Amino acid sequence: MSENLFDLTGKVALVTGGSRGLGREMVLAFACAGADVVITSRKAENCQSVGGEVEALGRKALPYACHVGHWDELELLADAAYDAFGKVDILVNNAGMSPLAPSSVETSEELFDKVVGVNFKGPFRLGSLIGSRMAAGDGGSIINVSSSGALFPLPGFGPYAGAKAALNALTTVLALEYRPKVRVNTLSAGPFLTDISKAWTEEDRTRIRSAIGHPGRPEEIISTALYLASPASSYTTGALLRVDGGLY
């Protein structure tokens with residue numbers, strides 16, 4: 001029984017920001033568990049590259065270039081996924097951006113809108129489009145990938161922290177709106193050694209203020225993502241699961 005809890009055979013997953021970092025890790029993990037995957041990010045060639053990796057695992061892939069901060073593109077993305085596979089069982093709102101602003105007062109409107117667009121507006125719209133179809137069909141699981149920045153906000157990251165906090169609230173909204181067939185949960189990620197960490201200092205790459213004491217390896221996101229995507233979490237919805245090494 002326990003071996004089958006994480007089985008995604010016959011399922012279709014859509015992962016935004018799926019061409020690199022934590023998104024790519026989740027895409028490949030879902031494919032290894034048996035799912036076909038829609039991979040979306042801004043750059044088509046990156047999506048196609050990961051799509052090739054999915055197909056090498058024996059699963060179907062739909063690489064699809066989309067800017068999740070652009071409202072009108074998301075309906076086209078949802079339609080493309082349903083045209084290709086007839087359904088979406090798992091939606092992972094993973095795409096995000098966290099640029100550092102000089103200060104709150106020096107934050108431009110353009111930067112504010114861009115950060116909020118990618119981190120909150122996009123997940124709101126796509127979660128609504130896919131969630132409503134899931135609710136009208138056989139149900140599914142939505143995973144909102146948030147950040148420890150919403151729980152431990154710092155100066156310079158006001159728009160990002162605020163957008164991720166809004167995303168956390170959105171999880172509750174969608175969980176209640178599309179119940180009982182759709183489960184919606186937040187995966188709150190801490191510092192991980194993805195591409196973005198290349199800009200960190202050596203100390204930040206090796207030590208952080210957490211119970212475990214160091215940043216996570218990208219593959220350490222997989223078990224929680226599989227749990228939330230699969231029948232293993234059948235009684236978990238509206239929850240926020242921290243995967244941050246015990247930040248404090």
# chains A, B, ... in the order shown; residues from 1 in each chain; ligands from 1
>>> residues_around(residues="His214 in chain A", least_positions_apart="3", cutoff="10 Å", atoms="only C-alpha atoms", output="short mmCIF file (atom, residue, chain, number, x, y, z; two decimals) with C-alpha atoms, in the first residue's frame")
data_model
loop_
_atom_site.label_atom_id
_atom_site.label_comp_id
_atom_site.auth_asym_id
_atom_site.auth_seq_id
_atom_site.Cartn_x
_atom_site.Cartn_y
_atom_site.Cartn_z
CA PRO A 191 17.12 28.73 0.71
CA PHE A 192 18.10 26.11 -1.87
CA LEU A 193 21.30 25.77 -3.86
CA GLU A 203 29.19 31.81 3.67
CA ASP A 204 25.54 32.04 2.59
CA ARG A 205 26.04 28.95 0.43
CA THR A 206 27.31 26.90 3.35
CA ARG A 207 25.66 28.31 6.48
CA ILE A 208 22.20 29.71 7.25
CA ARG A 209 20.31 30.50 10.46
CA SER A 210 18.32 27.31 10.67
CA ALA A 211 18.03 24.16 12.73
CA ARG A 217 20.03 20.67 -2.10
CA ASP A 244 13.42 25.37 4.91
CA GLY A 245 15.67 23.42 7.25
CA GLY A 246 14.00 24.96 10.27
CA LEU A 247 14.70 28.65 9.69
#
>>> residues_around(residues="Phe85 in chain A", least_positions_apart="6", cutoff="12 Å", atoms="only C-alpha atoms", output="PDB file with N, CA and C atoms, in the first residue's frame")
ATOM      1  N   GLY A  10      -0.680   7.797 -14.954  1.00  0.00           N
ATOM      2  CA  GLY A  10      -1.928   8.268 -15.544  1.00  0.00           C
ATOM      3  C   GLY A  10      -2.285   9.696 -15.216  1.00  0.00           C
ATOM      4  N   LYS A  11      -1.468  10.371 -14.418  1.00  0.00           N
ATOM      5  CA  LYS A  11      -1.726  11.753 -14.033  1.00  0.00           C
ATOM      6  C   LYS A  11      -1.013  12.723 -14.974  1.00  0.00           C
ATOM      7  N   VAL A  12      -1.513  13.943 -15.000  1.00  0.00           N
ATOM      8  CA  VAL A  12      -0.904  15.028 -15.781  1.00  0.00           C
ATOM      9  C   VAL A  12      -0.578  16.170 -14.829  1.00  0.00           C
ATOM     10  N   ALA A  13       0.671  16.600 -14.864  1.00  0.00           N
ATOM     11  CA  ALA A  13       1.116  17.707 -14.011  1.00  0.00           C
ATOM     12  C   ALA A  13       1.507  18.896 -14.869  1.00  0.00           C
ATOM     13  N   LEU A  14       1.182  20.078 -14.394  1.00  0.00           N
ATOM     14  CA  LEU A  14       1.596  21.326 -15.042  1.00  0.00           C
ATOM     15  C   LEU A  14       2.454  22.090 -14.041  1.00  0.00           C
ATOM     16  N   ALA A  35       3.903  10.438 -14.183  1.00  0.00           N
ATOM     17  CA  ALA A  35       3.052  11.491 -14.740  1.00  0.00           C
ATOM     18  C   ALA A  35       3.579  12.012 -16.072  1.00  0.00           C
ATOM     19  N   ASP A  36       2.669  12.444 -16.927  1.00  0.00           N
ATOM     20  CA  ASP A  36       3.018  13.268 -18.074  1.00  0.00           C
ATOM     21  C   ASP A  36       3.051  14.717 -17.584  1.00  0.00           C
ATOM     22  N   VAL A  37       3.864  15.554 -18.224  1.00  0.00           N
ATOM     23  CA  VAL A  37       4.120  16.868 -17.652  1.00  0.00           C
ATOM     24  C   VAL A  37       4.053  17.983 -18.685  1.00  0.00           C
ATOM     25  N   VAL A  38       3.379  19.059 -18.300  1.00  0.00           N
ATOM     26  CA  VAL A  38       3.411  20.321 -19.046  1.00  0.00           C
ATOM     27  C   VAL A  38       4.467  21.192 -18.377  1.00  0.00           C
ATOM     28  N   LYS A  60       5.205  11.520 -21.516  1.00  0.00           N
ATOM     29  CA  LYS A  60       4.906  12.565 -22.497  1.00  0.00           C
ATOM     30  C   LYS A  60       5.174  13.941 -21.882  1.00  0.00           C
ATOM     31  N   ALA A  61       5.604  14.864 -22.737  1.00  0.00           N
ATOM     32  CA  ALA A  61       5.886  16.222 -22.277  1.00  0.00           C
ATOM     33  C   ALA A  61       5.289  17.232 -23.244  1.00  0.00           C
ATOM     34  N   LEU A  62       4.793  18.323 -22.670  1.00  0.00           N
ATOM     35  CA  LEU A  62       4.369  19.469 -23.477  1.00  0.00           C
ATOM     36  C   LEU A  62       5.166  20.679 -23.030  1.00  0.00           C
ATOM     37  N   ALA A  78      -3.559  27.149 -20.167  1.00  0.00           N
ATOM     38  CA  ALA A  78      -4.521  26.161 -19.662  1.00  0.00           C
ATOM     39  C   ALA A  78      -5.182  25.406 -20.811  1.00  0.00           C
ATOM     40  N   ASP A  79      -5.575  26.136 -21.846  1.00  0.00           N
ATOM     41  CA  ASP A  79      -6.210  25.492 -23.004  1.00  0.00           C
ATOM     42  C   ASP A  79      -5.253  24.523 -23.687  1.00  0.00           C
TER      43      ASP A  79
END
>>> atom_distance(atom1="CA of Gly137 in chain A", atom2="CA of Lys181 in chain A")
8.6 Å
>>> select_by_dssp(residues="range 10-224 of chain A", states="helix (DSSP H, G or I)", output="ChimeraX atom specification")
/A:21-32,44-56,71-85,109-136,148-151,158-177,195-199,202-206,218-224
>>> residues_around(residues="Ile90 in chain A", least_positions_apart="5", cutoff="6 Å", atoms="only C-alpha atoms", output="PDB file with C-alpha atoms, in the first residue's frame")
ATOM      1  CA  ALA A  13       1.116  17.707 -14.011  1.00  0.00           C
ATOM      2  CA  GLY A 140      -6.767  17.356  -8.389  1.00  0.00           C
ATOM      3  CA  SER A 141      -4.001  18.941  -6.382  1.00  0.00           C
ATOM      4  CA  ILE A 142      -2.671  22.504  -6.551  1.00  0.00           C
TER       5      ILE A 142
END
>>> residues_around(residues="Leu241 in chain A", least_positions_apart="6", cutoff="8 Å", atoms="only C-alpha atoms", output="list in words")
Asn185, Thr186, Leu187 and Ser188 of chain A
>>> residues_around(residues="Ala44 in chain A", least_positions_apart="4", cutoff="10 Å", atoms="only C-alpha atoms", output="list in words")
Ser19, Ile39, Thr40, Gln48, Ser49, Pro63, Tyr64, Ala65 and Cys66 of chain A
>>> residues_around(residues="range 114-119 of chain A", least_positions_apart="5", cutoff="9 Å", atoms="only C-alpha atoms", output="number ranges by chain")
A: 67-71, 93-99, 109, 146, 159-160, 162-164, 166-167
>>> write_last_selection(atoms="C-alpha atoms", output="PDB file, in the first residue's frame")
ATOM      1  CA  HIS A  67       5.105  34.494 -18.963  1.00  0.00           C
ATOM      2  CA  VAL A  68       2.972  33.782 -15.911  1.00  0.00           C
ATOM      3  CA  GLY A  69       2.803  37.480 -15.055  1.00  0.00           C
ATOM      4  CA  HIS A  70       0.820  38.097 -18.243  1.00  0.00           C
ATOM      5  CA  TRP A  71      -2.860  37.477 -17.514  1.00  0.00           C
ATOM      6  CA  ASN A  93       2.574  27.363  -9.212  1.00  0.00           C
ATOM      7  CA  ASN A  94       6.346  27.455  -8.922  1.00  0.00           C
ATOM      8  CA  ALA A  95       7.467  30.368 -11.102  1.00  0.00           C
ATOM      9  CA  GLY A  96       8.811  33.259  -9.062  1.00  0.00           C
ATOM     10  CA  MET A  97      11.251  36.130  -8.980  1.00  0.00           C
ATOM     11  CA  SER A  98      12.881  37.906  -6.041  1.00  0.00           C
ATOM     12  CA  PRO A  99      14.965  40.896  -7.148  1.00  0.00           C
ATOM     13  CA  GLU A 109       6.273  50.843  -9.964  1.00  0.00           C
ATOM     14  CA  SER A 146       5.878  30.064  -1.608  1.00  0.00           C
ATOM     15  CA  PRO A 159       7.031  43.380  -2.938  1.00  0.00           C
ATOM     16  CA  TYR A 160       8.331  39.800  -2.953  1.00  0.00           C
ATOM     17  CA  GLY A 162       4.107  40.702   0.303  1.00  0.00           C
ATOM     18  CA  ALA A 163       3.330  38.742  -2.867  1.00  0.00           C
ATOM     19  CA  LYS A 164       4.347  35.448  -1.303  1.00  0.00           C
ATOM     20  CA  ALA A 166      -0.641  36.864  -0.505  1.00  0.00           C
ATOM     21  CA  LEU A 167       0.056  33.538  -2.199  1.00  0.00           C
TER      22      LEU A 167
END
>>> closest_residue(among="A:Ile221, A:Leu28, A:Val243, A:Leu5", to="Ser147 in chain A", atoms="only C-alpha atoms")
A:Val243
>>> decode(residues="range 40-69 of chain A", atoms="N, CA and C atoms", output="PDB file, in the first residue's frame")
ATOM      1  N   THR A  40       6.397  24.728 -18.328  1.00  0.00           N
ATOM      2  CA  THR A  40       6.301  26.089 -18.842  1.00  0.00           C
ATOM      3  C   THR A  40       7.265  27.022 -18.127  1.00  0.00           C
ATOM      4  N   SER A  41       7.853  27.904 -18.906  1.00  0.00           N
ATOM      5  CA  SER A  41       8.661  29.021 -18.415  1.00  0.00           C
ATOM      6  C   SER A  41       8.723  30.019 -19.562  1.00  0.00           C
ATOM      7  N   ARG A  42       9.446  31.098 -19.379  1.00  0.00           N
ATOM      8  CA  ARG A  42       9.453  32.133 -20.413  1.00  0.00           C
ATOM      9  C   ARG A  42      10.188  31.706 -21.679  1.00  0.00           C
ATOM     10  N   LYS A  43      11.202  30.855 -21.558  1.00  0.00           N
ATOM     11  CA  LYS A  43      12.052  30.511 -22.701  1.00  0.00           C
ATOM     12  C   LYS A  43      11.699  29.128 -23.244  1.00  0.00           C
ATOM     13  N   ALA A  44      11.250  29.118 -24.500  1.00  0.00           N
ATOM     14  CA  ALA A  44      10.792  27.877 -25.121  1.00  0.00           C
ATOM     15  C   ALA A  44      11.887  26.829 -25.177  1.00  0.00           C
ATOM     16  N   GLU A  45      13.121  27.263 -25.502  1.00  0.00           N
ATOM     17  CA  GLU A  45      14.195  26.274 -25.658  1.00  0.00           C
ATOM     18  C   GLU A  45      14.509  25.570 -24.334  1.00  0.00           C
ATOM     19  N   ASN A  46      14.386  26.284 -23.232  1.00  0.00           N
ATOM     20  CA  ASN A  46      14.619  25.654 -21.926  1.00  0.00           C
ATOM     21  C   ASN A  46      13.531  24.633 -21.601  1.00  0.00           C
ATOM     22  N   CYS A  47      12.295  24.983 -21.936  1.00  0.00           N
ATOM     23  CA  CYS A  47      11.185  24.041 -21.733  1.00  0.00           C
ATOM     24  C   CYS A  47      11.375  22.790 -22.584  1.00  0.00           C
ATOM     25  N   GLN A  48      11.818  22.990 -23.821  1.00  0.00           N
ATOM     26  CA  GLN A  48      12.022  21.862 -24.725  1.00  0.00           C
ATOM     27  C   GLN A  48      13.131  20.947 -24.230  1.00  0.00           C
ATOM     28  N   SER A  49      14.170  21.538 -23.649  1.00  0.00           N
ATOM     29  CA  SER A  49      15.274  20.740 -23.124  1.00  0.00           C
ATOM     30  C   SER A  49      14.808  19.812 -22.008  1.00  0.00           C
ATOM     31  N   VAL A  50      14.050  20.373 -21.066  1.00  0.00           N
ATOM     32  CA  VAL A  50      13.542  19.542 -19.966  1.00  0.00           C
ATOM     33  C   VAL A  50      12.491  18.563 -20.482  1.00  0.00           C
ATOM     34  N   GLY A  51      11.736  18.988 -21.503  1.00  0.00           N
ATOM     35  CA  GLY A  51      10.779  18.072 -22.113  1.00  0.00           C
ATOM     36  C   GLY A  51      11.462  16.837 -22.676  1.00  0.00           C
ATOM     37  N   GLY A  52      12.639  17.028 -23.240  1.00  0.00           N
ATOM     38  CA  GLY A  52      13.410  15.890 -23.731  1.00  0.00           C
ATOM     39  C   GLY A  52      13.810  14.946 -22.609  1.00  0.00           C
ATOM     40  N   GLU A  53      14.134  15.510 -21.447  1.00  0.00           N
ATOM     41  CA  GLU A  53      14.479  14.679 -20.290  1.00  0.00           C
ATOM     42  C   GLU A  53      13.270  13.876 -19.823  1.00  0.00           C
ATOM     43  N   VAL A  54      12.104  14.502 -19.857  1.00  0.00           N
ATOM     44  CA  VAL A  54      10.877  13.802 -19.468  1.00  0.00           C
ATOM     45  C   VAL A  54      10.599  12.647 -20.424  1.00  0.00           C
ATOM     46  N   GLU A  55      10.735  12.907 -21.710  1.00  0.00           N
ATOM     47  CA  GLU A  55      10.467  11.868 -22.705  1.00  0.00           C
ATOM     48  C   GLU A  55      11.477  10.730 -22.601  1.00  0.00           C
ATOM     49  N   ALA A  56      12.703  11.048 -22.214  1.00  0.00           N
ATOM     50  CA  ALA A  56      13.721  10.007 -22.016  1.00  0.00           C
ATOM     51  C   ALA A  56      13.352   9.088 -20.862  1.00  0.00           C
ATOM     52  N   LEU A  57      12.497   9.571 -19.971  1.00  0.00           N
ATOM     53  CA  LEU A  57      12.014   8.755 -18.848  1.00  0.00           C
ATOM     54  C   LEU A  57      10.775   7.947 -19.237  1.00  0.00           C
ATOM     55  N   GLY A  58      10.347   8.087 -20.496  1.00  0.00           N
ATOM     56  CA  GLY A  58       9.208   7.319 -20.983  1.00  0.00           C
ATOM     57  C   GLY A  58       7.863   7.979 -20.805  1.00  0.00           C
ATOM     58  N   ARG A  59       7.861   9.271 -20.463  1.00  0.00           N
ATOM     59  CA  ARG A  59       6.609   9.991 -20.272  1.00  0.00           C
ATOM     60  C   ARG A  59       6.418  11.033 -21.378  1.00  0.00           C
ATOM     61  N   LYS A  60       5.205  11.520 -21.516  1.00  0.00           N
ATOM     62  CA  LYS A  60       4.906  12.565 -22.497  1.00  0.00           C
ATOM     63  C   LYS A  60       5.174  13.941 -21.882  1.00  0.00           C
ATOM     64  N   ALA A  61       5.604  14.864 -22.737  1.00  0.00           N
ATOM     65  CA  ALA A  61       5.886  16.222 -22.277  1.00  0.00           C
ATOM     66  C   ALA A  61       5.289  17.232 -23.244  1.00  0.00           C
ATOM     67  N   LEU A  62       4.793  18.323 -22.670  1.00  0.00           N
ATOM     68  CA  LEU A  62       4.369  19.469 -23.477  1.00  0.00           C
ATOM     69  C   LEU A  62       5.166  20.679 -23.030  1.00  0.00           C
ATOM     70  N   PRO A  63       6.227  21.036 -23.759  1.00  0.00           N
ATOM     71  CA  PRO A  63       6.947  22.271 -23.450  1.00  0.00           C
ATOM     72  C   PRO A  63       6.133  23.453 -23.967  1.00  0.00           C
ATOM     73  N   TYR A  64       5.962  24.475 -23.128  1.00  0.00           N
ATOM     74  CA  TYR A  64       5.096  25.602 -23.522  1.00  0.00           C
ATOM     75  C   TYR A  64       5.657  26.884 -22.922  1.00  0.00           C
ATOM     76  N   ALA A  65       6.042  27.808 -23.786  1.00  0.00           N
ATOM     77  CA  ALA A  65       6.593  29.080 -23.323  1.00  0.00           C
ATOM     78  C   ALA A  65       5.465  30.011 -22.882  1.00  0.00           C
ATOM     79  N   CYS A  66       5.595  30.571 -21.686  1.00  0.00           N
ATOM     80  CA  CYS A  66       4.554  31.440 -21.144  1.00  0.00           C
ATOM     81  C   CYS A  66       5.151  32.333 -20.071  1.00  0.00           C
ATOM     82  N   HIS A  67       4.734  33.578 -20.045  1.00  0.00           N
ATOM     83  CA  HIS A  67       5.105  34.494 -18.963  1.00  0.00           C
ATOM     84  C   HIS A  67       3.932  34.522 -17.995  1.00  0.00           C
ATOM     85  N   VAL A  68       4.106  33.941 -16.812  1.00  0.00           N
ATOM     86  CA  VAL A  68       2.972  33.782 -15.911  1.00  0.00           C
ATOM     87  C   VAL A  68       2.477  35.111 -15.350  1.00  0.00           C
ATOM     88  N   GLY A  69       3.255  36.174 -15.504  1.00  0.00           N
ATOM     89  CA  GLY A  69       2.803  37.480 -15.055  1.00  0.00           C
ATOM     90  C   GLY A  69       1.880  38.159 -16.045  1.00  0.00           C
TER      91      GLY A  69
END
